[in-house]
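Inspection log for the structure reproduced underneath, given as structure tokens.
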Amino acid sequence: MQQLVELARVLFSGARIVILDEPTSALSPPEIARLFEVLRRVRTSGRSLVFISHFLDDILAISDEVSVFRNGSHVATAEVGPGIDKSWIIERMIGAGREELEESYLGDIALKSHPDAPIVLEARGLTLAPFYRDLSFVARAGEVLGVYGFMGCGQIELARTLFGKLKPESGALEMSGGVVRLANTTAGKRAGVGYVAESRRAMLFREEPIYRNVSIAFLEHVSRWLLKPSAERAQASTQTQRLGVRPPGVEARLGALSGGNQQKVALAKWLTRAPKVLVLAEPTRGMDVGAKEDVVRIVKSLAAEGMAVIVLSTEPETVLSLADRVLVMRKGELAGEFADCAISKDRLLAAA
Amino acid sequence: MDSPDADAAPRRSGFSLGRILRDQLRNIAPFATLLILVGFFSFAAPAFATLGNLVNILQQASVTGIIAVGLTFVILTAEIDLSVGAIANATAIVLTFFTLQPDYVNIANIPLPGWLAIILALAACFGLGLVTAFGVTRIGIPSFIMTLAMMQIGAGISAVLVRGQIAYSVPSLVLTLGSKSLFGVPWIIIFTALLLAVAHFVLSYTRFGRYVYMVGGNREAAEYSGVNVRLIIGSVMTISAVCSGMAGMLGVAYFGSAQQNEFDTFLLDAIAAVVVGGTSLFGGRGGIGNTIVGLFVLGVLNNGLDYVKIDSFLKILIRGIILLVALVINIYAERLRATREVGS
């Protein structure tokens with residue numbers, strides 16, 4: 001809603017050129033449809049629109065001409081028409097064709113859950129008005145549990161509750177067989193939960209060297225009183241290498257890394273003291289295709305090691321590319337679950 | 001948008017003098033200011049640049065220095081403590097309240113052994129610090145407002161206990177530390193130097209110190225990394241109160257008497273020392289090294305203005321201008337950094 005008001009203000013301000021940066025990331029499909037209607041009207045009134053997005057479908061739906069940028073330089077420009085489709089854009093974005101990516105977005109994906117794996121986390125009737133109500137679900141060791149819903153459906157608040165940042169009004173959270181009450185994020189960490197927030201700004205210290213960004217999550221295990229920088233560096237180095245953070249080396253200021261690599265650092269901090277439950281809010285938001293693939297690979301390997309990973313996202317692609325089982329949230333409630341069945345983007349969207 | 005190619009190429013522009021200057025503006029500017037001031041006063045007044053006067057400057061800066069140690073912790077977490085002067089005053093008066101005063105001091109005080117009086121005074125500032133910590137972290141009152149209230153509370157405690165009188169006696173340990181010398185070096189300088197050293201050690205080499213910087217650098221990220229942010233903020237507020245209390249006790253011994261509003265000017269001086277030194281008001285940048293330079297700048301300025309013939313009322317204006325310039329540099333350094341962030 002806020003986003004729509006913001007857009008309305010800009011669109012009707014009388015500007016002759018309007019630049020929209022990721023205008024659809026916070027909108028639901030019907031809202032996007034309405035926005036596009038308005039944009040087309042603005043366009044026919046003789047004004048120019050620049051539409052910046054990583055939602056390729058949206059770009060293709062609204063644009064007359066599309067330009068691809070990679071690594072800060074212009075790669076290609078073409079009029080939208082026959083032959084100019086998603087795979088054409090993706091090819092230019094990553095420099096090679098990736099048919100399988102195209103498939104994973106639109107075709108059916110078979111979900112296979114792990115019904116025999118031990119339950120690591122169980123939520124029973126979690127409620128925090130006005131964000132979410134009566135959420136009950138389990139997360140099992142070794143599975144990636146996707147939670148999908150539109151912006152504002154309460155999933156971010158749920159993620160924060162699982163880490164102890166927010167306290168539920170009622171309901172219980174059980175971990176490893178006992179009810180836990182998380183007084184703060186420190187308690188969440190101690191209970192065995194790791195958390196990567198939806199924005200990098202909320203996760204990382206731009207001014208600090210990479211190793212401090214990594215070690216902050218497990219500093220109490222490295223040093224009781226005095227810092228041991230060499231141990232910090234060694235552990236940080238191990239984890240960043242494992243995740244393929246480039247450039248290698250842990251002394252550089254975090255801000256000097258590209259966005260995708262920053263996201264990997266945010267993940268890396270939870271790997272030294274592996275949590276039982278890793279909560280990832282929007283782990284691939286704003287990343288390009290290549291970096292997304294890296295994250296998918298990392299998350300899957302973490303689950304394969306026995307971690308329960310909970311991925312919360314408003315982007316169907318993120319959930320589809322990662323999850324073994326998918327919960328759908330709608331306006332604060334669980335609206336559906338996909339397990340051991342085929343799932344596709346349209347069915348996921350339909351459920352939300 | 002990122003791309004794999006961008007990941008492979010480290011974004012490092014070459015080292016240039018301009019770039020280093022810009023990055024280090026926060027550290028270079030205070031030091032340059034100090035050099036200019038020392039140069040100016042040495043040139044203007046030959047009596048300024050003597051060893052004896054150096055001891056003078058250090059001694060005059062000591063009470064401010066002790067307060068500034070605590071404030072450095074607070075400002076590094078991007079909080080503020082306006083109650084330092086009032087808490088110094090209250091602690092000083094609690095100390096004299098529990099010390100046997102000369103007959104002509106007409107206050108209904110409770111004389112106790114010196115060590116007990118010191119413990120009670122320390123307990124007083126510690127307790128006041130805990131109240132501040134509770135208000136800021138548990139109730140959620142912004143530190144600016146909370147410490148404004150504590151400033152009044154500290155002043156109130158002072159007023160109630162001393163009732164417009166002046167107290168003179170302090171326990172002998174405090175008297176020694178505040179006004180006696182060891183081989184010609186005043187104890188108060190030694191005490192301040194040790195406290196600065198300990199604080200530097202804590203901030204640079206302990207886990208707690210790292211948390212202080214990280215909480216100041218990005219509070220949200222610290223919290224999402226499982227750092228107990230409230231505990232850290234509460235701790236720095238308490239540390240600040242205890243430092244202020246110690247400054248108050250030694251200050252009374254140094255000045256020779258305790259009365260109401262005695263430490264009012266130290267609030268501004270201590271904040272000025274920290275900020276002039278280059279510690280960021282936005283938290284996370286700076287440290288004890290900066291505070292030491294800031295203390296020297298203020299100490300040299302206060303002392304040097306006495307050597308050059310200058311209207312004593314003008315002194316206040318000059319100090320105000322220096323503080324303003326330091327604030328401008330502080331904000332400017334922050335902005336330079338921010339624009340570079342966007343640019344990178």
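Residue numbers start at 1 in each chain; chains themselves are named A, B, ... in the order of the structure tokens; ligands are numbered from 1 in the order shown.
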Practice item. Provide as a PyMOL selection string the residues of chain A at most 9 Å from chain B, counting only C-alpha atoms. Key: chain A and resi 54+69-72+93-94+163+165+184-190+194-197+200-208+212+216-220+223-228+245-247+255-261+269-270+286-291
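For Ile329 of chain B, the set of protein, DNA and RNA residues having any atom at most 10 Å away, when counting only C-alpha atoms and skipping those fewer than 6 positions along the same chain, is Leu25, Arg26, Ala29, Pro30, Val275, Val276, Gly278, Leu323 and Arg335 of chain B.
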Could the residues in this selection be saved with N, CA and C atoms as a short mmCIF file (atom, residue, chain, number, x, y, z; two decimals), in the first residue's frame?
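File written: part.cif
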```
data_model
loop_
_atom_site.label_atom_id
_atom_site.label_comp_id
_atom_site.auth_asym_id
_atom_site.auth_seq_id
_atom_site.Cartn_x
_atom_site.Cartn_y
_atom_site.Cartn_z
N LEU B 25 40.62 11.56 7.71
CA LEU B 25 40.32 12.92 8.14
C LEU B 25 39.96 12.96 9.62
N ARG B 26 39.20 11.97 10.04
CA ARG B 26 38.75 11.87 11.42
C ARG B 26 39.92 11.82 12.39
N ALA B 29 42.68 15.39 11.42
CA ALA B 29 42.26 16.75 11.75
C ALA B 29 42.52 17.12 13.21
N PRO B 30 42.16 16.26 14.19
CA PRO B 30 42.42 16.64 15.58
C PRO B 30 43.91 16.79 15.86
N VAL B 275 34.59 14.36 21.06
CA VAL B 275 34.20 14.68 19.68
C VAL B 275 35.33 15.38 18.93
N VAL B 276 36.01 16.34 19.61
CA VAL B 276 37.14 17.01 18.97
C VAL B 276 38.20 15.98 18.60
N GLY B 278 37.74 13.15 17.48
CA GLY B 278 37.40 12.48 16.23
C GLY B 278 36.55 11.23 16.37
N LEU B 323 34.80 23.94 19.16
CA LEU B 323 33.89 22.79 19.23
C LEU B 323 33.03 22.71 17.96
N ARG B 335 30.21 12.13 6.19
CA ARG B 335 29.59 12.28 4.89
C ARG B 335 30.52 11.84 3.76
#
```
Exercise for review: Could you tell me how far atom CA of Ser179 of chain B lies from atom CA of Ile316 of chain B, in Å and to one decimal?
Suggested key: 26.6 Å
Study note, to complete from the structure: Between B:Glu334, B:Asp264, B:Asp269, B:Asp306, smallest distance to Leu71 of chain B by only C-alpha atoms belongs to B:Asp269
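With distances restricted to only C-alpha atoms, B:Gly70 is the closest residue to Ala88 of chain B from B:Gly70, B:Gly299, B:Pro46, B:Pro171.
Going from atom CA of Leu49 of chain A to atom CA of Val18 of chain A covers 4.9 Å.
Between Val144 of chain A and the candidates A:Ser113, A:Thr272, A:Ser199, A:Gln262, the tightest atom-to-atom separation, counting only C-alpha atoms, involves A:Ser113.
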Nearby residues (only C-alpha atoms) at most 7 Å from segment 250-262 of chain B, same-chain spacing under 6 positions excluded, as a PDB file with C-alpha atoms, in the first residue's frame:
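As written to disk, selection_12.pdb reads:
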```
ATOM      1  CA  VAL B  63      39.192  15.391  35.665  1.00  0.00           C
ATOM      2  CA  ASN B  89      29.022  16.187  41.518  1.00  0.00           C
ATOM      3  CA  ALA B  92      31.704  13.856  45.195  1.00  0.00           C
ATOM      4  CA  ILE B  93      29.099  15.120  47.621  1.00  0.00           C
ATOM      5  CA  SER B 158      23.938  17.112  45.527  1.00  0.00           C
ATOM      6  CA  ALA B 159      21.560  19.851  46.646  1.00  0.00           C
ATOM      7  CA  VAL B 162      25.090  19.627  50.884  1.00  0.00           C
ATOM      8  CA  GLY B 164      24.082  25.159  49.938  1.00  0.00           C
ATOM      9  CA  GLN B 165      27.150  24.556  52.066  1.00  0.00           C
ATOM     10  CA  ILE B 166      30.673  23.747  51.013  1.00  0.00           C
ATOM     11  CA  ALA B 167      32.346  20.551  52.212  1.00  0.00           C
ATOM     12  CA  TYR B 168      36.119  20.269  52.352  1.00  0.00           C
ATOM     13  CA  VAL B 170      37.692  13.770  51.725  1.00  0.00           C
ATOM     14  CA  VAL B 174      41.164  10.286  47.631  1.00  0.00           C
ATOM     15  CA  LEU B 175      43.098  13.277  48.908  1.00  0.00           C
ATOM     16  CA  LEU B 177      45.111  10.627  44.419  1.00  0.00           C
ATOM     17  CA  GLY B 178      43.544  13.991  43.778  1.00  0.00           C
ATOM     18  CA  SER B 179      46.080  16.454  45.093  1.00  0.00           C
TER      19      SER B 179
END
```
Exercise for review: Write out as a PyMOL selection string which residues come within 9 Å of segment 116-131 of chain B when counting only C-alpha atoms, dropping same-chain ones fewer than 3 positions away.
Suggested key: chain B and resi 87-88+90-99+111-113+134-136+150+153-154+170-171+173-174+234-246+249
Study note, to complete from the structure: If you count only C-alpha atoms, the residue of B:Thr147, B:Gln59, B:Asn302, B:Asn290 closest to Trp187 of chain B turns out to be B:Gln59
Check your understanding: What does the distance between atom CA of Gln101 of chain B and atom CA of Gly248 of chain B come to in Å, to one decimal place?
Key -> 17.5 Å
Where in segment 181-309 of chain B does DSSP assign alpha helix (DSSP H), given as a short mmCIF file (atom, residue, chain, number, x, y, z; two decimals) with N, CA and C atoms, in the first residue's frame?
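Written output follows (part_5.cif):
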```
data_model
loop_
_atom_site.label_atom_id
_atom_site.label_comp_id
_atom_site.auth_asym_id
_atom_site.auth_seq_id
_atom_site.Cartn_x
_atom_site.Cartn_y
_atom_site.Cartn_z
N TRP B 187 49.49 12.56 41.26
CA TRP B 187 48.80 11.27 41.20
C TRP B 187 47.62 11.29 40.24
N ILE B 188 46.96 12.44 40.17
CA ILE B 188 45.75 12.50 39.34
C ILE B 188 46.09 12.25 37.87
N ILE B 189 47.31 12.69 37.47
CA ILE B 189 47.74 12.43 36.08
C ILE B 189 47.99 10.94 35.90
N ILE B 190 48.66 10.34 36.90
CA ILE B 190 48.95 8.91 36.82
C ILE B 190 47.65 8.12 36.76
N PHE B 191 46.71 8.50 37.63
CA PHE B 191 45.42 7.80 37.67
C PHE B 191 44.71 7.90 36.31
N THR B 192 44.66 9.11 35.77
CA THR B 192 43.97 9.32 34.49
C THR B 192 44.66 8.53 33.37
N ALA B 193 46.00 8.57 33.38
CA ALA B 193 46.74 7.85 32.34
C ALA B 193 46.46 6.35 32.43
N LEU B 194 46.45 5.82 33.67
CA LEU B 194 46.17 4.40 33.84
C LEU B 194 44.75 4.06 33.37
N LEU B 195 43.82 4.92 33.72
CA LEU B 195 42.43 4.66 33.33
C LEU B 195 42.29 4.68 31.81
N LEU B 196 42.95 5.65 31.17
CA LEU B 196 42.92 5.71 29.71
C LEU B 196 43.52 4.44 29.12
N ALA B 197 44.63 3.97 29.74
CA ALA B 197 45.29 2.77 29.22
C ALA B 197 44.37 1.55 29.37
N VAL B 198 43.75 1.43 30.53
CA VAL B 198 42.84 0.29 30.75
C VAL B 198 41.69 0.34 29.76
N ALA B 199 41.12 1.55 29.58
CA ALA B 199 39.98 1.69 28.67
C ALA B 199 40.39 1.33 27.24
N HIS B 200 41.59 1.78 26.86
CA HIS B 200 42.07 1.46 25.51
C HIS B 200 42.21 -0.06 25.36
N PHE B 201 42.76 -0.69 26.38
CA PHE B 201 42.93 -2.14 26.35
C PHE B 201 41.56 -2.82 26.21
N VAL B 202 40.61 -2.39 27.03
CA VAL B 202 39.28 -3.01 27.00
C VAL B 202 38.64 -2.85 25.62
N LEU B 203 38.75 -1.64 25.05
CA LEU B 203 38.09 -1.38 23.78
C LEU B 203 38.77 -2.11 22.62
N SER B 204 40.08 -2.27 22.71
CA SER B 204 40.80 -2.81 21.55
C SER B 204 41.05 -4.31 21.63
N TYR B 205 41.14 -4.85 22.84
CA TYR B 205 41.61 -6.22 22.94
C TYR B 205 40.66 -7.18 23.65
N ARG B 207 36.61 -8.89 24.12
CA ARG B 207 35.37 -9.19 23.41
C ARG B 207 34.34 -8.09 23.65
N PHE B 208 34.28 -7.63 24.90
CA PHE B 208 33.35 -6.55 25.22
C PHE B 208 33.62 -5.33 24.34
N GLY B 209 34.92 -4.98 24.21
CA GLY B 209 35.28 -3.82 23.40
C GLY B 209 34.82 -3.99 21.96
N ARG B 210 35.02 -5.19 21.41
CA ARG B 210 34.57 -5.45 20.05
C ARG B 210 33.07 -5.24 19.92
N TYR B 211 32.33 -5.74 20.90
CA TYR B 211 30.88 -5.58 20.87
C TYR B 211 30.50 -4.10 20.90
N VAL B 212 31.24 -3.31 21.70
CA VAL B 212 30.94 -1.88 21.77
C VAL B 212 31.06 -1.26 20.37
N TYR B 213 32.14 -1.58 19.67
CA TYR B 213 32.32 -1.04 18.32
C TYR B 213 31.26 -1.56 17.36
N MET B 214 30.95 -2.86 17.47
CA MET B 214 30.01 -3.43 16.51
C MET B 214 28.59 -2.89 16.75
N VAL B 215 28.21 -2.74 18.02
CA VAL B 215 26.90 -2.17 18.32
C VAL B 215 26.83 -0.74 17.79
N GLY B 216 27.94 -0.01 17.93
CA GLY B 216 27.96 1.35 17.41
C GLY B 216 27.96 1.38 15.89
N GLY B 217 28.64 0.40 15.28
CA GLY B 217 28.75 0.37 13.83
C GLY B 217 27.43 0.05 13.16
N ARG B 219 23.77 -1.32 14.92
CA ARG B 219 23.10 -1.94 16.06
C ARG B 219 22.21 -3.11 15.64
N GLU B 220 21.52 -2.90 14.52
CA GLU B 220 20.61 -3.94 14.05
C GLU B 220 21.39 -5.21 13.70
N ALA B 221 22.49 -5.01 12.98
CA ALA B 221 23.29 -6.17 12.57
C ALA B 221 23.87 -6.88 13.79
N ALA B 222 24.26 -6.12 14.80
CA ALA B 222 24.78 -6.74 16.02
C ALA B 222 23.69 -7.59 16.65
N GLU B 223 22.49 -7.04 16.71
CA GLU B 223 21.39 -7.80 17.31
C GLU B 223 21.09 -9.06 16.50
N TYR B 224 21.10 -8.93 15.17
CA TYR B 224 20.82 -10.10 14.34
C TYR B 224 22.00 -11.07 14.28
N VAL B 229 22.52 -6.58 22.67
CA VAL B 229 22.74 -5.15 22.49
C VAL B 229 22.37 -4.37 23.75
N ARG B 230 21.26 -4.75 24.38
CA ARG B 230 20.84 -4.05 25.60
C ARG B 230 21.90 -4.14 26.69
N LEU B 231 22.49 -5.32 26.80
CA LEU B 231 23.52 -5.51 27.83
C LEU B 231 24.71 -4.58 27.56
N ILE B 232 25.09 -4.47 26.29
CA ILE B 232 26.23 -3.63 25.95
C ILE B 232 25.91 -2.16 26.22
N ILE B 233 24.73 -1.71 25.78
CA ILE B 233 24.35 -0.31 26.00
C ILE B 233 24.26 -0.03 27.50
N GLY B 234 23.62 -0.94 28.22
CA GLY B 234 23.50 -0.76 29.66
C GLY B 234 24.88 -0.69 30.31
N SER B 235 25.80 -1.53 29.86
CA SER B 235 27.14 -1.54 30.43
C SER B 235 27.85 -0.21 30.19
N VAL B 236 27.76 0.31 28.96
CA VAL B 236 28.50 1.55 28.69
C VAL B 236 27.91 2.72 29.48
N MET B 237 26.59 2.72 29.67
CA MET B 237 25.99 3.79 30.47
C MET B 237 26.49 3.69 31.91
N THR B 238 26.61 2.47 32.42
CA THR B 238 27.09 2.28 33.79
C THR B 238 28.57 2.65 33.90
N ILE B 239 29.35 2.23 32.92
CA ILE B 239 30.78 2.58 32.92
C ILE B 239 30.94 4.10 32.96
N SER B 240 30.12 4.78 32.15
CA SER B 240 30.21 6.23 32.10
C SER B 240 29.91 6.84 33.47
N ALA B 241 28.88 6.32 34.13
CA ALA B 241 28.51 6.87 35.45
C ALA B 241 29.63 6.63 36.46
N VAL B 242 30.25 5.45 36.43
CA VAL B 242 31.31 5.15 37.40
C VAL B 242 32.54 6.02 37.11
N CYS B 243 32.88 6.21 35.84
CA CYS B 243 33.99 7.11 35.51
C CYS B 243 33.70 8.52 36.01
N SER B 244 32.47 8.97 35.78
CA SER B 244 32.11 10.30 36.25
C SER B 244 32.26 10.38 37.76
N GLY B 245 31.81 9.33 38.45
CA GLY B 245 31.91 9.31 39.91
C GLY B 245 33.35 9.42 40.37
N MET B 246 34.23 8.68 39.72
CA MET B 246 35.65 8.72 40.10
C MET B 246 36.21 10.12 39.83
N ALA B 247 35.81 10.70 38.69
CA ALA B 247 36.26 12.05 38.36
C ALA B 247 35.79 13.03 39.43
N GLY B 248 34.55 12.84 39.90
CA GLY B 248 34.01 13.72 40.93
C GLY B 248 34.81 13.63 42.22
N MET B 249 35.13 12.40 42.63
CA MET B 249 35.87 12.22 43.88
C MET B 249 37.25 12.87 43.80
N LEU B 250 37.98 12.54 42.72
CA LEU B 250 39.32 13.11 42.59
C LEU B 250 39.25 14.62 42.36
N GLY B 251 38.20 15.04 41.68
CA GLY B 251 38.03 16.46 41.41
C GLY B 251 37.90 17.26 42.70
N VAL B 252 37.13 16.73 43.64
CA VAL B 252 36.95 17.41 44.92
C VAL B 252 38.30 17.55 45.63
N ALA B 253 39.08 16.49 45.61
CA ALA B 253 40.40 16.55 46.24
C ALA B 253 41.29 17.56 45.51
N TYR B 254 41.15 17.59 44.19
CA TYR B 254 41.97 18.48 43.37
C TYR B 254 41.59 19.95 43.61
N PHE B 255 40.27 20.20 43.62
CA PHE B 255 39.81 21.58 43.82
C PHE B 255 39.86 21.99 45.28
N ASP B 264 29.55 21.35 36.59
CA ASP B 264 28.66 21.62 35.45
C ASP B 264 29.42 21.79 34.14
N THR B 265 30.56 22.48 34.19
CA THR B 265 31.26 22.76 32.94
C THR B 265 31.92 21.51 32.35
N PHE B 266 32.05 20.46 33.19
CA PHE B 266 32.76 19.27 32.72
C PHE B 266 31.97 18.47 31.70
N LEU B 267 30.66 18.64 31.71
CA LEU B 267 29.84 17.94 30.72
C LEU B 267 30.28 18.36 29.32
N LEU B 268 30.28 19.67 29.11
CA LEU B 268 30.64 20.17 27.78
C LEU B 268 32.09 19.83 27.45
N ASP B 269 32.98 20.00 28.43
CA ASP B 269 34.40 19.73 28.19
C ASP B 269 34.63 18.28 27.78
N ALA B 270 33.96 17.37 28.49
CA ALA B 270 34.20 15.95 28.21
C ALA B 270 33.64 15.57 26.85
N ILE B 271 32.43 16.03 26.55
CA ILE B 271 31.87 15.74 25.23
C ILE B 271 32.77 16.34 24.16
N ALA B 272 33.21 17.57 24.40
CA ALA B 272 34.09 18.23 23.44
C ALA B 272 35.36 17.43 23.23
N ALA B 273 35.96 16.94 24.32
CA ALA B 273 37.21 16.18 24.18
C ALA B 273 37.00 14.96 23.30
N VAL B 274 35.91 14.24 23.53
CA VAL B 274 35.66 13.02 22.75
C VAL B 274 35.42 13.36 21.29
N VAL B 275 34.59 14.36 21.06
CA VAL B 275 34.20 14.68 19.68
C VAL B 275 35.33 15.38 18.93
N VAL B 276 36.01 16.34 19.61
CA VAL B 276 37.14 17.01 18.97
C VAL B 276 38.20 15.98 18.60
N ILE B 288 39.88 5.55 22.33
CA ILE B 288 40.60 6.24 23.39
C ILE B 288 41.74 7.09 22.82
N GLY B 289 42.40 6.58 21.78
CA GLY B 289 43.47 7.36 21.15
C GLY B 289 42.95 8.72 20.71
N ASN B 290 41.78 8.73 20.07
CA ASN B 290 41.18 9.99 19.65
C ASN B 290 40.87 10.87 20.85
N THR B 291 40.34 10.25 21.90
CA THR B 291 39.97 11.02 23.09
C THR B 291 41.20 11.69 23.70
N ILE B 292 42.33 10.96 23.70
CA ILE B 292 43.55 11.54 24.26
C ILE B 292 43.95 12.80 23.48
N VAL B 293 43.92 12.70 22.14
CA VAL B 293 44.24 13.87 21.33
C VAL B 293 43.25 15.00 21.62
N GLY B 294 41.98 14.64 21.74
CA GLY B 294 40.95 15.64 22.04
C GLY B 294 41.20 16.33 23.37
N LEU B 295 41.61 15.53 24.36
CA LEU B 295 41.91 16.10 25.68
C LEU B 295 43.07 17.07 25.59
N PHE B 296 44.08 16.71 24.81
CA PHE B 296 45.23 17.60 24.64
C PHE B 296 44.81 18.89 23.96
N VAL B 297 43.98 18.76 22.90
CA VAL B 297 43.54 19.97 22.20
C VAL B 297 42.85 20.90 23.17
N LEU B 298 41.91 20.37 23.94
CA LEU B 298 41.18 21.21 24.89
C LEU B 298 42.08 21.74 25.99
N GLY B 299 42.95 20.85 26.49
CA GLY B 299 43.86 21.25 27.57
C GLY B 299 44.78 22.36 27.13
N VAL B 300 45.37 22.19 25.94
CA VAL B 300 46.29 23.21 25.42
C VAL B 300 45.55 24.51 25.18
N LEU B 301 44.34 24.39 24.66
CA LEU B 301 43.55 25.59 24.37
C LEU B 301 43.23 26.34 25.66
N ASN B 302 42.69 25.63 26.65
CA ASN B 302 42.32 26.27 27.91
C ASN B 302 43.52 26.90 28.58
N ASN B 303 44.63 26.15 28.59
CA ASN B 303 45.83 26.61 29.26
C ASN B 303 46.50 27.74 28.47
N GLY B 304 46.61 27.55 27.16
CA GLY B 304 47.33 28.50 26.32
C GLY B 304 46.65 29.85 26.29
N LEU B 305 45.33 29.88 26.33
CA LEU B 305 44.61 31.15 26.29
C LEU B 305 44.90 31.98 27.53
N ASP B 306 45.35 31.30 28.61
CA ASP B 306 45.74 32.04 29.81
C ASP B 306 47.09 32.71 29.62
N TYR B 307 47.91 32.16 28.75
CA TYR B 307 49.26 32.70 28.55
C TYR B 307 49.26 33.89 27.61
#
```
Practice item. Extract, using only C-alpha atoms, all DNA, RNA and protein residues at most 10 Å from Gln239 of chain A, discarding same-chain residues fewer than 5 positions from it, and format them as a PyMOL selection string. Key: chain A and resi 211+214+233-234+244-245+264-265+267-272
